[in-house]
Amino acid sequence: MDIVKIDNDTKQQNMKAKTIDEAKSMAKEKSLETQYRDEAIYIIYCNRTEYFYVDIDSLIRLWERLIGYYENGKYTDAETNS
């Protein structure tokens with residue numbers, strides 16, 4: 001079986017933030033774009049990198065934590081929604 005090396009994805013690099021407020025702002029902006037209408041934009045915190053990531057993929061790894069998500073500009077907190 002081959003080992004696959006994952007290079008730094010420029011799309012992912014553009015969607016990372018150091019603070020929760022910055023990540024929320026990015027996620028809200030994305031959620032209002034026409035192409036993401038009625039689609040959740042997730043805010044995920046990574047313990048390894050200590051960054052917040054904004055993504056449409058809700059896959060959460062063991063070292064990550066879901067903070068919340070925006071859908072059509074409306075924020076839902078993961079803590080209160082679980």
# chains A, B, ... in the order shown; residues from 1 in each chain; ligands from 1
$ closest_atom_pairs --of "segment 47-73 of chain A" --to "segment 32-42 of chain A" --cutoff "8 Å" --atoms "only C-alpha atoms" --output "CSV"
residue,atom,partner,partner_atom,distance
A:Tyr53,CA,A:Tyr42,CA,7.9
A:Val54,CA,A:Tyr42,CA,5.6
A:Asp55,CA,A:Tyr42,CA,5.2
A:Ile56,CA,A:Ile41,CA,4.8
A:Asp57,CA,A:Tyr42,CA,7.2
A:Ser58,CA,A:Tyr42,CA,6.4
A:Leu66,CA,A:Tyr42,CA,7.4
A:Ile67,CA,A:Tyr42,CA,7.7
A:Gly68,CA,A:Tyr42,CA,6.1
A:Tyr69,CA,A:Tyr42,CA,4.3
A:Tyr70,CA,A:Ile41,CA,5.2
A:Glu71,CA,A:Ala40,CA,4.7
A:Asn72,CA,A:Leu32,CA,5.4
A:Gly73,CA,A:Leu32,CA,5.5
$ write_last_selection --atoms "N, CA and C atoms" --output "compact mmCIF listing (two decimals), in the first residue's frame"
# COMPACT_ATOMS: atom_id res chain seq x y z
N TYR A 53 -10.60 26.20 11.49
CA TYR A 53 -10.76 25.98 10.06
C TYR A 53 -12.23 26.14 9.68
N VAL A 54 -12.47 26.73 8.53
CA VAL A 54 -13.81 26.92 7.99
C VAL A 54 -13.93 25.99 6.80
N ASP A 55 -14.94 25.11 6.82
CA ASP A 55 -15.03 24.08 5.80
C ASP A 55 -16.48 23.65 5.59
N ILE A 56 -16.76 23.11 4.41
CA ILE A 56 -18.10 22.56 4.15
C ILE A 56 -18.16 21.09 4.50
N ASP A 57 -17.02 20.49 4.77
CA ASP A 57 -16.94 19.08 5.15
C ASP A 57 -17.04 18.97 6.67
N SER A 58 -17.99 18.21 7.15
CA SER A 58 -18.21 18.12 8.60
C SER A 58 -17.39 17.00 9.26
N LEU A 66 -15.71 20.46 16.83
CA LEU A 66 -16.67 21.29 16.13
C LEU A 66 -17.09 22.44 17.04
N ILE A 67 -16.96 23.67 16.55
CA ILE A 67 -17.33 24.85 17.31
C ILE A 67 -18.78 25.23 17.02
N GLY A 68 -19.13 25.21 15.76
CA GLY A 68 -20.47 25.57 15.33
C GLY A 68 -20.50 25.66 13.82
N TYR A 69 -21.61 26.17 13.28
CA TYR A 69 -21.70 26.31 11.83
C TYR A 69 -22.67 27.42 11.45
N TYR A 70 -22.47 27.95 10.26
CA TYR A 70 -23.34 28.95 9.67
C TYR A 70 -24.11 28.32 8.53
N GLU A 71 -25.36 28.66 8.42
CA GLU A 71 -26.16 28.26 7.27
C GLU A 71 -27.03 29.44 6.89
N ASN A 72 -26.85 29.94 5.67
CA ASN A 72 -27.56 31.12 5.17
C ASN A 72 -27.39 32.32 6.10
N GLY A 73 -26.19 32.48 6.66
CA GLY A 73 -25.89 33.62 7.52
C GLY A 73 -26.32 33.47 8.97
$ residues_around --residues "Arg65 of chain A" --least-positions-apart "5" --cutoff "8 Å" --atoms "only C-alpha atoms" --output "list in words"
Ile44, Tyr45, Cys46, Asn47 and Ile60 of chain A
$ write_last_selection --atoms "N, CA, C and O atoms" --output "mmCIF file, in the first residue's frame"
data_model
loop_
_atom_site.group_PDB
_atom_site.id
_atom_site.type_symbol
_atom_site.label_atom_id
_atom_site.label_comp_id
_atom_site.auth_asym_id
_atom_site.auth_seq_id
_atom_site.Cartn_x
_atom_site.Cartn_y
_atom_site.Cartn_z
ATOM 1 N N ILE A 44 -14.255 24.522 12.708
ATOM 2 C CA ILE A 44 -13.633 23.401 13.405
ATOM 3 C C ILE A 44 -12.316 23.875 14.014
ATOM 4 O O ILE A 44 -11.518 24.546 13.347
ATOM 5 N N TYR A 45 -12.087 23.547 15.276
ATOM 6 C CA TYR A 45 -10.826 23.886 15.935
ATOM 7 C C TYR A 45 -9.922 22.660 15.948
ATOM 8 O O TYR A 45 -10.343 21.559 16.302
ATOM 9 N N CYS A 46 -8.673 22.854 15.547
ATOM 10 C CA CYS A 46 -7.699 21.766 15.524
ATOM 11 C C CYS A 46 -6.710 21.951 16.679
ATOM 12 O O CYS A 46 -6.010 22.969 16.750
ATOM 13 N N ASN A 47 -6.663 20.977 17.578
ATOM 14 C CA ASN A 47 -5.747 21.039 18.722
ATOM 15 C C ASN A 47 -4.284 20.956 18.308
ATOM 16 O O ASN A 47 -3.420 21.499 18.984
ATOM 17 N N ILE A 60 -14.948 15.326 11.424
ATOM 18 C CA ILE A 60 -14.211 15.772 12.597
ATOM 19 C C ILE A 60 -13.265 14.651 13.016
ATOM 20 O O ILE A 60 -13.687 13.534 13.282
#
$ select_by_dssp --residues "chain A" --states "alpha helix (DSSP H)" --output "list in words"
Thr10, Lys11, Gln12, Gln13, Asn14, Ile20, Asp21, Glu22, Ala23, Lys24, Ser25, Met26, Ala27, Lys28, Glu29, Lys30, Ser31, Ala78, Glu79, Thr80 and Asn81 of chain A
$ closest_residue --among "A:Tyr51, A:Leu62, A:Lys24, A:Lys30" --to "Asp77 of chain A" --atoms "only C-alpha atoms"
A:Lys24
$ select_by_dssp --residues "chain A" --states "strand (DSSP E)" --output "list of chain:residue names"
A:Lys16, A:Ala17, A:Ile41, A:Tyr42, A:Ile43, A:Ile44, A:Tyr45, A:Cys46, A:Tyr51, A:Phe52, A:Tyr53, A:Val54, A:Asp55, A:Glu64, A:Arg65, A:Leu66, A:Ile67, A:Gly68, A:Tyr69, A:Tyr70, A:Glu71, A:Lys74, A:Tyr75, A:Thr76, A:Asp77
$ write_last_selection --atoms "N, CA and C atoms" --output "compact mmCIF listing (two decimals), in the first residue's frame"
# COMPACT_ATOMS: atom_id res chain seq x y z
N LYS A 16 -8.35 29.23 7.10
CA LYS A 16 -7.97 29.01 8.49
C LYS A 16 -7.78 30.36 9.18
N ALA A 17 -8.04 30.34 10.48
CA ALA A 17 -7.99 31.58 11.26
C ALA A 17 -7.37 31.28 12.63
N ILE A 41 -21.68 25.69 6.74
CA ILE A 41 -20.26 26.03 6.69
C ILE A 41 -19.75 25.86 8.13
N TYR A 42 -18.94 24.84 8.35
CA TYR A 42 -18.51 24.45 9.68
C TYR A 42 -17.27 25.20 10.15
N ILE A 43 -17.22 25.45 11.45
CA ILE A 43 -16.04 26.03 12.09
C ILE A 43 -15.48 24.93 13.00
N ILE A 44 -14.25 24.52 12.71
CA ILE A 44 -13.63 23.40 13.41
C ILE A 44 -12.32 23.87 14.01
N TYR A 45 -12.09 23.55 15.28
CA TYR A 45 -10.83 23.89 15.93
C TYR A 45 -9.92 22.66 15.95
N CYS A 46 -8.67 22.85 15.55
CA CYS A 46 -7.70 21.77 15.52
C CYS A 46 -6.71 21.95 16.68
N TYR A 51 -5.36 26.20 15.18
CA TYR A 51 -6.08 27.08 14.27
C TYR A 51 -7.53 26.66 14.18
N PHE A 52 -8.37 27.60 13.79
CA PHE A 52 -9.76 27.33 13.47
C PHE A 52 -9.85 27.19 11.96
N TYR A 53 -10.60 26.20 11.49
CA TYR A 53 -10.76 25.98 10.06
C TYR A 53 -12.23 26.14 9.68
N VAL A 54 -12.47 26.73 8.53
CA VAL A 54 -13.81 26.92 7.99
C VAL A 54 -13.93 25.99 6.80
N ASP A 55 -14.94 25.11 6.82
CA ASP A 55 -15.03 24.08 5.80
C ASP A 55 -16.48 23.65 5.59
N GLU A 64 -9.71 17.22 16.62
CA GLU A 64 -10.46 18.41 16.24
C GLU A 64 -11.75 18.49 17.04
N ARG A 65 -12.32 19.70 17.09
CA ARG A 65 -13.56 19.92 17.82
C ARG A 65 -14.46 20.85 17.01
N LEU A 66 -15.71 20.46 16.83
CA LEU A 66 -16.67 21.29 16.13
C LEU A 66 -17.09 22.44 17.04
N ILE A 67 -16.96 23.67 16.55
CA ILE A 67 -17.33 24.85 17.31
C ILE A 67 -18.78 25.23 17.02
N GLY A 68 -19.13 25.21 15.76
CA GLY A 68 -20.47 25.57 15.33
C GLY A 68 -20.50 25.66 13.82
N TYR A 69 -21.61 26.17 13.28
CA TYR A 69 -21.70 26.31 11.83
C TYR A 69 -22.67 27.42 11.45
N TYR A 70 -22.47 27.95 10.26
CA TYR A 70 -23.34 28.95 9.67
C TYR A 70 -24.11 28.32 8.53
N GLU A 71 -25.36 28.66 8.42
CA GLU A 71 -26.16 28.26 7.27
C GLU A 71 -27.03 29.44 6.89
N LYS A 74 -26.94 32.36 9.33
CA LYS A 74 -27.40 32.14 10.71
C LYS A 74 -26.45 31.17 11.41
N TYR A 75 -25.97 31.57 12.59
CA TYR A 75 -25.00 30.77 13.33
C TYR A 75 -25.71 29.81 14.28
N THR A 76 -25.19 28.58 14.35
CA THR A 76 -25.67 27.59 15.32
C THR A 76 -24.46 27.08 16.09
N ASP A 77 -24.49 27.21 17.40
CA ASP A 77 -23.40 26.77 18.26
C ASP A 77 -23.48 25.26 18.46
$ atom_distance --atom1 "atom CA of Lys28 of chain A" --atom2 "atom CA of Glu50 of chain A"
20.7 Å
